[in-house]
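> Dumping the structure here so I can ask a few things about it.
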Amino acid sequence: MKFKKQFLKIIFIVLALFCVGIMPVIFAEEVLAASTTYENQVLDLVNKERSKVGVAPLKMDKVLSDAAKIRTKEVKRKFSHTRPNGSPYYSLSSKIKGENIANGQKTPATVMKAWMNSKMHKNNILNPKYKSIGIGYLKGTSPYWVQLFSNKKAGEGNNLNSVIKPKAPSFSLVSSKKSITIHWKKVSGASGYQIYRSTKINGNYSLKKTISKGTTIKYIDKNLNKKKYFYKIRTFTTIKGKREFSKFSSIQSKTPK
């Protein structure tokens with residue numbers, strides 16, 4: 001009986017030591033898995049590269065991170081430093097001073113290797129003037145990656161400008177019998193155009209036509225009288241069902257033949 005008690009005591013001690021040794025490891029692994037996202041892994045790799053050349057580490061910034069998430073979706077639509085609406089990448093926030101983009105790399109390590117093998121991308125990563133960063137990752141069979149850099153500290157600076165108004169189009173008029181044809185230059189990222197008309201240059205302009213195709217660049221105004229007509233156009237983009245309008249173009253006039 002005494003031997004049995006001693007045996008059970010030894011078993012209890014062994015189990016206690018086992019739990020003390022193993023449980024922290026399991027807990028640590030769970031915390032690591034929860035906190036180590038791809039974005040954070042990229043940040044770690046960036047700062048490792050910066051430490052190799054004696055440059056201060058970057059800190060993750062919320063405004064830049066939100067902007068980077070938007071940019072990953074934009075570069076999926078158009079792989080460029082120009083946004084789909086035609087504005088530059090830094091129009092998302094005045095604190096953005098540099099950008100790296102990539103597509104196809106499956107892991108943080110492979111995308112960082114690609115960037116570090118490119119002089120311009122490497123210069124952004126190692127730039128000593130930069131103090132904060134935002135990182136975006138869009139999951140998929142061919143992932144998209146974005147890094148946005150700033151010379152401001154994390155938490156410093158303005159808010160995100162997620163909506164950028166499109167540019168106004170330039171256009172020309174051609175007169176024909178009882179009609180005027182309006183030609184304009186396609187505006188990058190436009191969802192459509194609105195054409196306004198008046199019979200007086202400083203009169204009231206009424207909406208003549210809304211064109212909901214950004215690729216359309218011509219409209220014929222028909223059944224007109226032989227007098228002068230004045231036109232102006234504006235562009236719009238549609239974001240989440242809401243239209244954002246450009247300023248109006250300059251006014252032009254023509255008389256039908």
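Naming scheme: A, B, ... for chains in displayed order of the structure tokens; residues 1 onward per chain; ligands 1 onward as shown.
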Would you mind listing what lies within 10 Å of Lys62 in chain A as a PDB file with N, CA and C atoms, in the first residue's frame, with only C-alpha atoms counted and same-chain residues fewer than 2 positions away left out?

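around05.pdb, written as the output of this step:
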```pdb
ATOM      1  N   LYS A  59       7.674  51.751 -37.871  1.00  0.00           N
ATOM      2  CA  LYS A  59       6.529  51.322 -37.071  1.00  0.00           C
ATOM      3  C   LYS A  59       5.272  51.341 -37.938  1.00  0.00           C
ATOM      4  N   MET A  60       4.399  50.393 -37.662  1.00  0.00           N
ATOM      5  CA  MET A  60       3.160  50.293 -38.427  1.00  0.00           C
ATOM      6  C   MET A  60       2.239  51.465 -38.078  1.00  0.00           C
ATOM      7  N   LEU A  64      -1.705  54.585 -42.845  1.00  0.00           N
ATOM      8  CA  LEU A  64      -0.973  53.962 -43.943  1.00  0.00           C
ATOM      9  C   LEU A  64      -1.453  52.527 -44.193  1.00  0.00           C
ATOM     10  N   SER A  65      -1.760  51.811 -43.115  1.00  0.00           N
ATOM     11  CA  SER A  65      -2.241  50.433 -43.258  1.00  0.00           C
ATOM     12  C   SER A  65      -3.603  50.382 -43.942  1.00  0.00           C
ATOM     13  N   ASP A  66      -4.495  51.295 -43.548  1.00  0.00           N
ATOM     14  CA  ASP A  66      -5.811  51.365 -44.198  1.00  0.00           C
ATOM     15  C   ASP A  66      -5.658  51.717 -45.671  1.00  0.00           C
ATOM     16  N   ALA A  67      -4.744  52.653 -45.961  1.00  0.00           N
ATOM     17  CA  ALA A  67      -4.492  53.048 -47.353  1.00  0.00           C
ATOM     18  C   ALA A  67      -3.908  51.883 -48.146  1.00  0.00           C
ATOM     19  N   ALA A  68      -3.010  51.122 -47.527  1.00  0.00           N
ATOM     20  CA  ALA A  68      -2.389  49.972 -48.204  1.00  0.00           C
ATOM     21  C   ALA A  68      -3.423  48.901 -48.537  1.00  0.00           C
ATOM     22  N   SER A 132       7.573  55.482 -40.688  1.00  0.00           N
ATOM     23  CA  SER A 132       6.408  54.605 -40.504  1.00  0.00           C
ATOM     24  C   SER A 132       6.037  53.935 -41.813  1.00  0.00           C
ATOM     25  N   ILE A 133       5.221  52.904 -41.694  1.00  0.00           N
ATOM     26  CA  ILE A 133       4.869  52.083 -42.855  1.00  0.00           C
ATOM     27  C   ILE A 133       3.449  51.557 -42.712  1.00  0.00           C
ATOM     28  N   GLY A 134       2.809  51.300 -43.852  1.00  0.00           N
ATOM     29  CA  GLY A 134       1.551  50.578 -43.898  1.00  0.00           C
ATOM     30  C   GLY A 134       1.710  49.435 -44.878  1.00  0.00           C
ATOM     31  N   ILE A 135       1.189  48.275 -44.550  1.00  0.00           N
ATOM     32  CA  ILE A 135       1.384  47.088 -45.390  1.00  0.00           C
ATOM     33  C   ILE A 135       0.033  46.457 -45.694  1.00  0.00           C
ATOM     34  N   ALA A 154       4.532  57.107 -36.740  1.00  0.00           N
ATOM     35  CA  ALA A 154       3.258  56.389 -36.684  1.00  0.00           C
ATOM     36  C   ALA A 154       2.297  57.147 -35.769  1.00  0.00           C
ATOM     37  N   GLY A 155       1.073  57.338 -36.227  1.00  0.00           N
ATOM     38  CA  GLY A 155       0.084  58.071 -35.441  1.00  0.00           C
ATOM     39  C   GLY A 155       0.081  59.563 -35.699  1.00  0.00           C
ATOM     40  N   GLU A 156       1.069  60.025 -36.447  1.00  0.00           N
ATOM     41  CA  GLU A 156       1.195  61.440 -36.764  1.00  0.00           C
ATOM     42  C   GLU A 156       0.599  61.701 -38.143  1.00  0.00           C
ATOM     43  N   ASN A 159      -5.821  62.230 -41.794  1.00  0.00           N
ATOM     44  CA  ASN A 159      -6.663  61.064 -41.989  1.00  0.00           C
ATOM     45  C   ASN A 159      -6.612  60.594 -43.439  1.00  0.00           C
ATOM     46  N   LEU A 160      -7.303  59.501 -43.681  1.00  0.00           N
ATOM     47  CA  LEU A 160      -7.312  58.899 -45.008  1.00  0.00           C
ATOM     48  C   LEU A 160      -8.283  59.619 -45.926  1.00  0.00           C
TER      49      LEU A 160
END
```
> Need to verify the contact set: range 171-186 of chain A, 7 Å, only C-alpha atoms, exclusion of same-chain residues closer than 3 positions in sequence. Can you return it as an mmCIF file with C-alpha atoms, in the first residue's frame?

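Here's the written file part.cif:
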```cif
data_model
loop_
_atom_site.group_PDB
_atom_site.id
_atom_site.type_symbol
_atom_site.label_atom_id
_atom_site.label_comp_id
_atom_site.auth_asym_id
_atom_site.auth_seq_id
_atom_site.Cartn_x
_atom_site.Cartn_y
_atom_site.Cartn_z
ATOM 1 C CA THR A 215 -15.561 54.404 -72.206
ATOM 2 C CA ILE A 217 -16.443 59.683 -75.648
ATOM 3 C CA LYS A 218 -19.113 61.109 -77.975
ATOM 4 C CA TYR A 219 -22.659 62.419 -77.827
ATOM 5 C CA ILE A 220 -24.834 63.939 -80.610
ATOM 6 C CA ASP A 221 -27.280 66.643 -79.556
ATOM 7 C CA LYS A 222 -30.058 66.496 -82.204
ATOM 8 C CA ASN A 223 -33.086 68.486 -83.400
ATOM 9 C CA LEU A 224 -31.566 71.856 -82.642
ATOM 10 C CA ASN A 225 -32.572 75.290 -83.880
ATOM 11 C CA LYS A 226 -30.136 77.498 -85.747
ATOM 12 C CA LYS A 254 -21.409 76.123 -81.328
ATOM 13 C CA THR A 255 -24.239 76.915 -83.748
ATOM 14 C CA PRO A 256 -25.818 74.117 -85.819
ATOM 15 C CA LYS A 257 -25.719 74.402 -89.590
#
```
> Which residue gives the smallest distance to Pro57 in chain A among A:Gly192, A:Gly140, A:Pro128, A:Gly157, with only C-alpha atoms counted?
A:Pro128
> Which distance in Å separates CA of Ser206 in chain A and CA of Pro169 in chain A, to one decimal?
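Here the two named atoms are 18.1 Å from each other.
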